[in-house]
Amino acid sequence: MRLSKSWIIAAKDFKTYRKKKNIIYALFVIPFLVAVLITGIMGYVGTKNGSSRVSPIELVILLPAFLFFYVILAAYLATPISSYTIVGEKVEKSLEPLLATPTTDSEILLGKGIAAFLPPLAALWGGSVFFMVLMDLTTEGKLGYYYFPDSNTALVLLLIIPLALLMSVLMNIIISSRVTDIRAGQQLGALTIIPFAGLYVSGELNLVNLGDTGNLLIIVGALLVVDLLLFFVSRATFRREEILTRWK
Amino acid sequence: MVPDNVGLYEDLSAYDNLDFYGKLYDCPDAQRKENIQRFLTMLGLWEKRDVMAGTFSKGMKQKLAIARALIHEPKLLFMDEPTANLDPESAKTVRDFILDLKKEKRTIFLNTHNLDEAQRICDRIGILSTKLIATGTPQELERALSTGGGTRRTVVLLQEQATDAVLAGLRRLAGNVTTEGNKLTIELKDPEKENAGIIEAIAKAGGHIQSVTIAGASLEDVYLKLVREGES
């Protein structure tokens, strides 16, 4: 497999994204907006009437759960862009000439994966760093120290978010092979947020401690297994004979 | 390959579309740039190179798809209905371009329902009706129609209206002779062999010939005959 071929395909997709303003806005505005909203609510609730409605102990439970919100966003943000990269090619009927070029199925799949993976990752990292800075500034007075970053933050940012994003991308590639409409692909793809939303709610309800390194490592392990499985399924789905004869 | 659905990237410019495919076909930088300019110029799109493909007319998109298929200079080219749904001017540009490609000694597989186009462009024709039912040059296929019980026509233009003597002389040689002013249409099995006798008969009957043309069976006649035979 030649990475250069995959990169050519990804670079072409990056170029087309510039014309898809709605995708770019959704991608880069939402993570920053979420940072402002969560911090704003925290700031308001925490200092209402000058009282301390949220105790420092509660804050230490809430903050990692809030950061986990970016994991949900990872699953959500990958959906429009990865649906577009595959279903968009189907809609524009450009898969046939692409498959006529001397590129392997794996190279195309990887190229599409890179194109769907890197922009949301950049947006999520940017948004979550912004979130941590805002949250530190808001909570430092109550905690007496800057909560972010810590070793768990690194786990979430460097492993859980990319793995959740990868899971969403792979899921969307599989879904894209079965749908002909970008909107239908996006609606089905958005279902990937359900397990992460469940984890987030569990964290907020203190059923799962998302600030515990052990728990985070279990999530990393589970995501690795799921991603590996999805990779093999997507690889089996994305075969040119199948695409040329059966994808409608 | 030039597919039926051109499948261009509508949000990319004409240049970027070709550049992308050139890279995938491993075209070296210098050659790729040269080919993009050459083919876009040949197809009249160079001035529009920075315009988004999505804003192009159907004919321009078709031309761009042909340029895309040629970007790596293939020796073998598959074209699926390259002039379908094009206006007459664009269709002519595309046909002329295909003829230019022929001169460059490329092998072109042209899939078309336009039989007139096939007859004008192709050196060899294959007729498909669920399976390959005949192949040959246009002339060979026409001949096959005649030998298979079909007829061809010789059209004779006289300097004057055909006289009864001329018509009687011709009817002794050919089964069906029709007249329309000074034009005679004579159905013959093998015009190349029989035309000499026809000319002689007209001259003997006092007719003055302006021109003699063999109007062979059209590819459409051949196609219809072969397909009907296949069905029965």
# chains A, B, ... in the order shown; residues from 1 in each chain; ligands from 1
>>> select_by_dssp(residues="range 12-141 of chain B", states="strand (DSSP E)", output="MDAnalysis selection string")
chainID B and resid 76:80 107:111 125:129 131:136
>>> closest_atom_pairs(of="chain B", to="chain A", cutoff="10 Å", atoms="only C-alpha atoms", output="tab-separated table")
residue	atom	partner	partner_atom	distance
B:Met1	CA	A:Pro97	CA	7.0
B:Val2	CA	A:Pro97	CA	7.7
B:Pro3	CA	A:Pro97	CA	7.2
B:Asp4	CA	A:Lys93	CA	9.8
B:Asn5	CA	A:Lys93	CA	6.5
B:Val6	CA	A:Lys93	CA	7.4
B:Gly7	CA	A:Ser94	CA	3.9
B:Leu8	CA	A:Ser94	CA	5.8
B:Tyr9	CA	A:Ser94	CA	6.9
B:Glu10	CA	A:Glu92	CA	7.8
B:Asp11	CA	A:Thr16	CA	5.7
B:Leu12	CA	A:Thr16	CA	6.4
B:Ser13	CA	A:Thr16	CA	9.9
B:Asp16	CA	A:Lys12	CA	8.5
B:Asn17	CA	A:Lys12	CA	8.9
B:Asp19	CA	A:Lys12	CA	9.8
B:Phe20	CA	A:Lys12	CA	6.9
B:Tyr21	CA	A:Thr101	CA	7.6
B:Gly22	CA	A:Thr101	CA	9.5
B:Lys23	CA	A:Ile8	CA	7.3
B:Leu24	CA	A:Lys5	CA	6.4
B:Tyr25	CA	A:Thr101	CA	6.2
B:Asp26	CA	A:Pro102	CA	8.6
B:Ala65	CA	A:Pro97	CA	9.2
B:Arg68	CA	A:Pro97	CA	9.1
B:Ala69	CA	A:Pro97	CA	8.5
>>> write_last_selection(atoms="N, CA and C atoms", output="short mmCIF file (atom, residue, chain, number, x, y, z; two decimals), in the first residue's frame")
data_model
loop_
_atom_site.label_atom_id
_atom_site.label_comp_id
_atom_site.auth_asym_id
_atom_site.auth_seq_id
_atom_site.Cartn_x
_atom_site.Cartn_y
_atom_site.Cartn_z
N MET B 1 -10.63 5.78 -19.20
CA MET B 1 -12.03 5.43 -19.29
C MET B 1 -12.89 6.70 -19.24
N VAL B 2 -13.84 6.79 -20.14
CA VAL B 2 -14.80 7.90 -20.10
C VAL B 2 -16.18 7.30 -19.82
N PRO B 3 -16.64 7.35 -18.57
CA PRO B 3 -17.92 6.70 -18.26
C PRO B 3 -19.11 7.49 -18.76
N ASP B 4 -20.26 6.80 -18.76
CA ASP B 4 -21.51 7.43 -19.20
C ASP B 4 -21.81 8.65 -18.32
N ASN B 5 -21.73 8.44 -16.99
CA ASN B 5 -21.85 9.57 -16.06
C ASN B 5 -20.45 10.10 -15.85
N VAL B 6 -20.24 11.36 -16.22
CA VAL B 6 -18.86 11.85 -16.25
C VAL B 6 -18.18 11.77 -14.89
N GLY B 7 -18.93 11.98 -13.81
CA GLY B 7 -18.37 11.81 -12.46
C GLY B 7 -17.19 12.71 -12.16
N LEU B 8 -17.36 14.00 -12.42
CA LEU B 8 -16.29 14.94 -12.11
C LEU B 8 -16.46 15.44 -10.67
N TYR B 9 -15.40 16.01 -10.12
CA TYR B 9 -15.53 16.65 -8.81
C TYR B 9 -16.00 18.08 -9.05
N GLU B 10 -17.27 18.31 -8.78
CA GLU B 10 -17.90 19.57 -9.18
C GLU B 10 -17.38 20.75 -8.38
N ASP B 11 -16.83 20.50 -7.20
CA ASP B 11 -16.31 21.61 -6.38
C ASP B 11 -14.84 21.88 -6.65
N LEU B 12 -14.28 21.17 -7.60
CA LEU B 12 -12.89 21.44 -7.98
C LEU B 12 -12.88 22.08 -9.36
N SER B 13 -11.83 22.85 -9.62
CA SER B 13 -11.72 23.48 -10.94
C SER B 13 -11.37 22.41 -11.97
N ASP B 16 -7.83 21.38 -11.43
CA ASP B 16 -7.62 20.52 -10.25
C ASP B 16 -8.16 19.11 -10.47
N ASN B 17 -9.26 18.99 -11.22
CA ASN B 17 -9.78 17.66 -11.54
C ASN B 17 -8.72 16.85 -12.29
N ASP B 19 -5.50 17.49 -12.49
CA ASP B 19 -4.28 17.37 -11.69
C ASP B 19 -4.39 16.18 -10.72
N PHE B 20 -5.57 16.05 -10.12
CA PHE B 20 -5.81 14.95 -9.17
C PHE B 20 -5.64 13.60 -9.86
N TYR B 21 -6.28 13.43 -11.00
CA TYR B 21 -6.18 12.14 -11.70
C TYR B 21 -4.77 11.91 -12.24
N GLY B 22 -4.13 12.99 -12.70
CA GLY B 22 -2.76 12.86 -13.18
C GLY B 22 -1.85 12.31 -12.09
N LYS B 23 -2.05 12.81 -10.88
CA LYS B 23 -1.24 12.34 -9.75
C LYS B 23 -1.53 10.87 -9.46
N LEU B 24 -2.81 10.51 -9.48
CA LEU B 24 -3.16 9.10 -9.19
C LEU B 24 -2.60 8.16 -10.25
N TYR B 25 -2.47 8.66 -11.48
CA TYR B 25 -1.91 7.84 -12.55
C TYR B 25 -0.37 7.92 -12.60
N ASP B 26 0.21 8.51 -11.56
CA ASP B 26 1.68 8.60 -11.45
C ASP B 26 2.31 9.37 -12.60
N ALA B 65 -14.16 15.23 -19.02
CA ALA B 65 -14.03 13.80 -18.69
C ALA B 65 -13.12 13.10 -19.70
N ARG B 68 -9.65 14.04 -18.82
CA ARG B 68 -9.26 13.27 -17.62
C ARG B 68 -8.79 11.87 -17.99
N ALA B 69 -9.52 11.26 -18.93
CA ALA B 69 -9.16 9.89 -19.33
C ALA B 69 -7.83 9.85 -20.07
#
>>> residues_around(residues="Ile125 in chain B", least_positions_apart="3", cutoff="7 Å", atoms="only C-alpha atoms", output="NGL selection string")
:B and (122 or 135-138)
>>> residues_around(residues="Leu170 in chain B", least_positions_apart="4", cutoff="8 Å", atoms="only C-alpha atoms", output="MDAnalysis selection string")
chainID B and resid 166 174 177 198 201:202
>>> atom_distance(atom1="CA of Leu64 in chain B", atom2="CA of Thr93 in chain B")
12.3 Å
>>> atom_distance(atom1="CA of Pro120 in chain A", atom2="CA of Met135 in chain A")
21.6 Å
>>> residues_around(residues="Val129 in chain A", least_positions_apart="3", cutoff="12 Å", atoms="only C-alpha atoms", output="list in words")
Pro31, Phe32, Val34, Ala35, Val36, Leu67, Tyr70, Ala122, Ala123, Leu124, Trp125, Gly126, Met132, Val133, Leu134, Met135, Asp136, Phe148, Pro149, Thr153, Ala154, Val156 and Leu157 of chain A
>>> select_by_dssp(residues="range 85-242 of chain A", states="helix (DSSP H, G or I)", output="PyMOL selection string")
chain A and resi 85-91+95-99+105-143+151-176+182-204+213-237+240-242
>>> closest_residue(among="B:Lys193, B:Lys183, B:Arg152, B:Arg228", to="Ile214 in chain B", atoms="only C-alpha atoms")
B:Arg152
>>> atom_distance(atom1="CA of Trp7 in chain A", atom2="CA of Leu110 in chain A")
8.4 Å
>>> residues_around(residues="range 162-167 of chain A", least_positions_apart="2", cutoff="7 Å", atoms="only C-alpha atoms", output="list in words")
Val71, Ala74, Ala75, Ala78, Phe117, Leu121, Leu158, Leu159, Ile160, Val169, Leu170, Met171, Leu223, Leu224 and Asp227 of chain A
>>> write_last_selection(atoms="C-alpha atoms", output="PDB file, in the first residue's frame")
ATOM      1  CA  VAL A  71     -15.612  12.256  23.121  1.00  0.00           C
ATOM      2  CA  ALA A  74     -15.833  13.096  18.299  1.00  0.00           C
ATOM      3  CA  ALA A  75     -18.498  10.562  17.370  1.00  0.00           C
ATOM      4  CA  ALA A  78     -17.065  12.722  12.173  1.00  0.00           C
ATOM      5  CA  PHE A 117     -10.377  11.845  10.449  1.00  0.00           C
ATOM      6  CA  LEU A 121      -9.457  15.752  15.194  1.00  0.00           C
ATOM      7  CA  LEU A 158      -4.506  11.501  22.753  1.00  0.00           C
ATOM      8  CA  LEU A 159      -6.250   8.122  22.872  1.00  0.00           C
ATOM      9  CA  ILE A 160      -9.969   8.190  23.609  1.00  0.00           C
ATOM     10  CA  VAL A 169     -15.376   7.228  10.683  1.00  0.00           C
ATOM     11  CA  LEU A 170     -15.325   3.455  10.193  1.00  0.00           C
ATOM     12  CA  MET A 171     -18.993   3.139  11.133  1.00  0.00           C
ATOM     13  CA  LEU A 223     -12.428   1.209  21.674  1.00  0.00           C
ATOM     14  CA  LEU A 224      -9.326  -0.496  20.314  1.00  0.00           C
ATOM     15  CA  ASP A 227     -12.089  -0.140  15.970  1.00  0.00           C
TER      16      ASP A 227
END
>>> residues_around(residues="Ile41 in chain A", least_positions_apart="2", cutoff="12 Å", atoms="only C-alpha atoms", output="VMD selection string")
chain A and resid 34 to 39 43 to 48 54 66 134 to 135 138 to 139
>>> closest_residue(among="A:Asn152, A:Ser83, A:Thr213, A:Ser128", to="Phe69 in chain A", atoms="only C-alpha atoms")
A:Ser128
>>> decode(residues="range 85-116 of chain B", atoms="N, CA, C and O atoms", output="PDB file, in the first residue's frame")
ATOM      1  N   ASN B  85     -26.473  13.009 -25.369  1.00  0.00           N
ATOM      2  CA  ASN B  85     -27.101  14.213 -24.810  1.00  0.00           C
ATOM      3  C   ASN B  85     -26.318  15.505 -25.039  1.00  0.00           C
ATOM      4  O   ASN B  85     -26.505  16.475 -24.322  1.00  0.00           O
ATOM      5  N   LEU B  86     -25.401  15.474 -25.974  1.00  0.00           N
ATOM      6  CA  LEU B  86     -24.670  16.715 -26.256  1.00  0.00           C
ATOM      7  C   LEU B  86     -25.348  17.468 -27.391  1.00  0.00           C
ATOM      8  O   LEU B  86     -25.968  16.853 -28.264  1.00  0.00           O
ATOM      9  N   ASP B  87     -25.190  18.799 -27.388  1.00  0.00           N
ATOM     10  CA  ASP B  87     -25.731  19.562 -28.506  1.00  0.00           C
ATOM     11  C   ASP B  87     -24.870  19.259 -29.741  1.00  0.00           C
ATOM     12  O   ASP B  87     -23.739  18.785 -29.615  1.00  0.00           O
ATOM     13  N   PRO B  88     -25.400  19.501 -30.947  1.00  0.00           N
ATOM     14  CA  PRO B  88     -24.684  19.098 -32.168  1.00  0.00           C
ATOM     15  C   PRO B  88     -23.260  19.648 -32.242  1.00  0.00           C
ATOM     16  O   PRO B  88     -22.341  18.945 -32.673  1.00  0.00           O
ATOM     17  N   GLU B  89     -23.062  20.886 -31.795  1.00  0.00           N
ATOM     18  CA  GLU B  89     -21.725  21.479 -31.891  1.00  0.00           C
ATOM     19  C   GLU B  89     -20.732  20.768 -30.968  1.00  0.00           C
ATOM     20  O   GLU B  89     -19.621  20.415 -31.383  1.00  0.00           O
ATOM     21  N   SER B  90     -21.175  20.515 -29.730  1.00  0.00           N
ATOM     22  CA  SER B  90     -20.293  19.823 -28.780  1.00  0.00           C
ATOM     23  C   SER B  90     -20.029  18.398 -29.249  1.00  0.00           C
ATOM     24  O   SER B  90     -18.909  17.895 -29.137  1.00  0.00           O
ATOM     25  N   ALA B  91     -21.071  17.757 -29.775  1.00  0.00           N
ATOM     26  CA  ALA B  91     -20.915  16.378 -30.251  1.00  0.00           C
ATOM     27  C   ALA B  91     -19.886  16.329 -31.376  1.00  0.00           C
ATOM     28  O   ALA B  91     -19.040  15.431 -31.420  1.00  0.00           O
ATOM     29  N   LYS B  92     -19.921  17.337 -32.227  1.00  0.00           N
ATOM     30  CA  LYS B  92     -18.962  17.363 -33.349  1.00  0.00           C
ATOM     31  C   LYS B  92     -17.540  17.568 -32.820  1.00  0.00           C
ATOM     32  O   LYS B  92     -16.603  16.907 -33.270  1.00  0.00           O
ATOM     33  N   THR B  93     -17.400  18.473 -31.839  1.00  0.00           N
ATOM     34  CA  THR B  93     -16.064  18.706 -31.252  1.00  0.00           C
ATOM     35  C   THR B  93     -15.515  17.400 -30.680  1.00  0.00           C
ATOM     36  O   THR B  93     -14.349  17.062 -30.890  1.00  0.00           O
ATOM     37  N   VAL B  94     -16.390  16.678 -29.951  1.00  0.00           N
ATOM     38  CA  VAL B  94     -15.947  15.426 -29.327  1.00  0.00           C
ATOM     39  C   VAL B  94     -15.595  14.400 -30.403  1.00  0.00           C
ATOM     40  O   VAL B  94     -14.560  13.735 -30.329  1.00  0.00           O
ATOM     41  N   ARG B  95     -16.429  14.302 -31.433  1.00  0.00           N
ATOM     42  CA  ARG B  95     -16.161  13.333 -32.517  1.00  0.00           C
ATOM     43  C   ARG B  95     -14.841  13.669 -33.217  1.00  0.00           C
ATOM     44  O   ARG B  95     -14.024  12.785 -33.463  1.00  0.00           O
ATOM     45  N   ASP B  96     -14.651  14.957 -33.513  1.00  0.00           N
ATOM     46  CA  ASP B  96     -13.409  15.361 -34.183  1.00  0.00           C
ATOM     47  C   ASP B  96     -12.200  15.046 -33.311  1.00  0.00           C
ATOM     48  O   ASP B  96     -11.150  14.633 -33.795  1.00  0.00           O
ATOM     49  N   PHE B  97     -12.390  15.225 -32.007  1.00  0.00           N
ATOM     50  CA  PHE B  97     -11.292  14.952 -31.073  1.00  0.00           C
ATOM     51  C   PHE B  97     -10.964  13.454 -31.069  1.00  0.00           C
ATOM     52  O   PHE B  97      -9.795  13.069 -31.050  1.00  0.00           O
ATOM     53  N   ILE B  98     -12.015  12.633 -31.116  1.00  0.00           N
ATOM     54  CA  ILE B  98     -11.791  11.178 -31.148  1.00  0.00           C
ATOM     55  C   ILE B  98     -11.027  10.817 -32.426  1.00  0.00           C
ATOM     56  O   ILE B  98     -10.102   9.998 -32.407  1.00  0.00           O
ATOM     57  N   LEU B  99     -11.395  11.469 -33.546  1.00  0.00           N
ATOM     58  CA  LEU B  99     -10.690  11.192 -34.804  1.00  0.00           C
ATOM     59  C   LEU B  99      -9.227  11.627 -34.712  1.00  0.00           C
ATOM     60  O   LEU B  99      -8.335  10.950 -35.234  1.00  0.00           O
ATOM     61  N   ASP B 100      -8.979  12.743 -34.005  1.00  0.00           N
ATOM     62  CA  ASP B 100      -7.588  13.175 -33.796  1.00  0.00           C
ATOM     63  C   ASP B 100      -6.823  12.148 -32.977  1.00  0.00           C
ATOM     64  O   ASP B 100      -5.653  11.865 -33.236  1.00  0.00           O
ATOM     65  N   LEU B 101      -7.508  11.587 -31.975  1.00  0.00           N
ATOM     66  CA  LEU B 101      -6.857  10.570 -31.135  1.00  0.00           C
ATOM     67  C   LEU B 101      -6.520   9.328 -31.957  1.00  0.00           C
ATOM     68  O   LEU B 101      -5.501   8.680 -31.749  1.00  0.00           O
ATOM     69  N   LYS B 102      -7.406   9.010 -32.894  1.00  0.00           N
ATOM     70  CA  LYS B 102      -7.164   7.864 -33.776  1.00  0.00           C
ATOM     71  C   LYS B 102      -5.873   8.052 -34.559  1.00  0.00           C
ATOM     72  O   LYS B 102      -5.078   7.130 -34.712  1.00  0.00           O
ATOM     73  N   LYS B 103      -5.691   9.300 -34.988  1.00  0.00           N
ATOM     74  CA  LYS B 103      -4.473   9.593 -35.781  1.00  0.00           C
ATOM     75  C   LYS B 103      -3.220   9.395 -34.934  1.00  0.00           C
ATOM     76  O   LYS B 103      -2.142   9.162 -35.456  1.00  0.00           O
ATOM     77  N   GLU B 104      -3.364   9.538 -33.604  1.00  0.00           N
ATOM     78  CA  GLU B 104      -2.217   9.347 -32.706  1.00  0.00           C
ATOM     79  C   GLU B 104      -1.990   7.874 -32.411  1.00  0.00           C
ATOM     80  O   GLU B 104      -1.253   7.522 -31.498  1.00  0.00           O
ATOM     81  N   LYS B 105      -2.674   7.006 -33.144  1.00  0.00           N
ATOM     82  CA  LYS B 105      -2.507   5.547 -33.038  1.00  0.00           C
ATOM     83  C   LYS B 105      -2.920   5.004 -31.669  1.00  0.00           C
ATOM     84  O   LYS B 105      -2.256   4.144 -31.105  1.00  0.00           O
ATOM     85  N   ARG B 106      -3.991   5.549 -31.140  1.00  0.00           N
ATOM     86  CA  ARG B 106      -4.528   4.989 -29.893  1.00  0.00           C
ATOM     87  C   ARG B 106      -5.661   4.036 -30.244  1.00  0.00           C
ATOM     88  O   ARG B 106      -6.367   4.251 -31.229  1.00  0.00           O
ATOM     89  N   THR B 107      -5.839   3.029 -29.423  1.00  0.00           N
ATOM     90  CA  THR B 107      -6.975   2.126 -29.613  1.00  0.00           C
ATOM     91  C   THR B 107      -8.132   2.650 -28.776  1.00  0.00           C
ATOM     92  O   THR B 107      -7.981   2.876 -27.581  1.00  0.00           O
ATOM     93  N   ILE B 108      -9.241   2.866 -29.427  1.00  0.00           N
ATOM     94  CA  ILE B 108     -10.394   3.433 -28.708  1.00  0.00           C
ATOM     95  C   ILE B 108     -11.577   2.479 -28.794  1.00  0.00           C
ATOM     96  O   ILE B 108     -11.980   2.085 -29.889  1.00  0.00           O
ATOM     97  N   PHE B 109     -12.094   2.077 -27.640  1.00  0.00           N
ATOM     98  CA  PHE B 109     -13.339   1.306 -27.584  1.00  0.00           C
ATOM     99  C   PHE B 109     -14.460   2.321 -27.371  1.00  0.00           C
ATOM    100  O   PHE B 109     -14.504   2.980 -26.343  1.00  0.00           O
ATOM    101  N   LEU B 110     -15.325   2.436 -28.358  1.00  0.00           N
ATOM    102  CA  LEU B 110     -16.405   3.414 -28.272  1.00  0.00           C
ATOM    103  C   LEU B 110     -17.724   2.664 -28.122  1.00  0.00           C
ATOM    104  O   LEU B 110     -18.106   1.898 -29.008  1.00  0.00           O
ATOM    105  N   ASN B 111     -18.370   2.877 -27.005  1.00  0.00           N
ATOM    106  CA  ASN B 111     -19.681   2.245 -26.803  1.00  0.00           C
ATOM    107  C   ASN B 111     -20.745   3.282 -27.142  1.00  0.00           C
ATOM    108  O   ASN B 111     -20.791   4.340 -26.530  1.00  0.00           O
ATOM    109  N   THR B 112     -21.565   3.000 -28.139  1.00  0.00           N
ATOM    110  CA  THR B 112     -22.544   4.013 -28.539  1.00  0.00           C
ATOM    111  C   THR B 112     -23.819   3.378 -29.085  1.00  0.00           C
ATOM    112  O   THR B 112     -23.793   2.251 -29.601  1.00  0.00           O
ATOM    113  N   HIS B 113     -24.922   4.114 -28.943  1.00  0.00           N
ATOM    114  CA  HIS B 113     -26.165   3.721 -29.601  1.00  0.00           C
ATOM    115  C   HIS B 113     -26.335   4.509 -30.899  1.00  0.00           C
ATOM    116  O   HIS B 113     -27.284   4.296 -31.633  1.00  0.00           O
ATOM    117  N   ASN B 114     -25.426   5.444 -31.101  1.00  0.00           N
ATOM    118  CA  ASN B 114     -25.501   6.287 -32.287  1.00  0.00           C
ATOM    119  C   ASN B 114     -24.774   5.567 -33.430  1.00  0.00           C
ATOM    120  O   ASN B 114     -23.553   5.619 -33.548  1.00  0.00           O
ATOM    121  N   LEU B 115     -25.556   4.872 -34.278  1.00  0.00           N
ATOM    122  CA  LEU B 115     -24.965   4.013 -35.312  1.00  0.00           C
ATOM    123  C   LEU B 115     -24.264   4.832 -36.389  1.00  0.00           C
ATOM    124  O   LEU B 115     -23.239   4.416 -36.925  1.00  0.00           O
ATOM    125  N   ASP B 116     -24.811   5.999 -36.656  1.00  0.00           N
ATOM    126  CA  ASP B 116     -24.193   6.866 -37.654  1.00  0.00           C
ATOM    127  C   ASP B 116     -22.793   7.276 -37.176  1.00  0.00           C
ATOM    128  O   ASP B 116     -21.825   7.273 -37.938  1.00  0.00           O
TER     129      ASP B 116
END
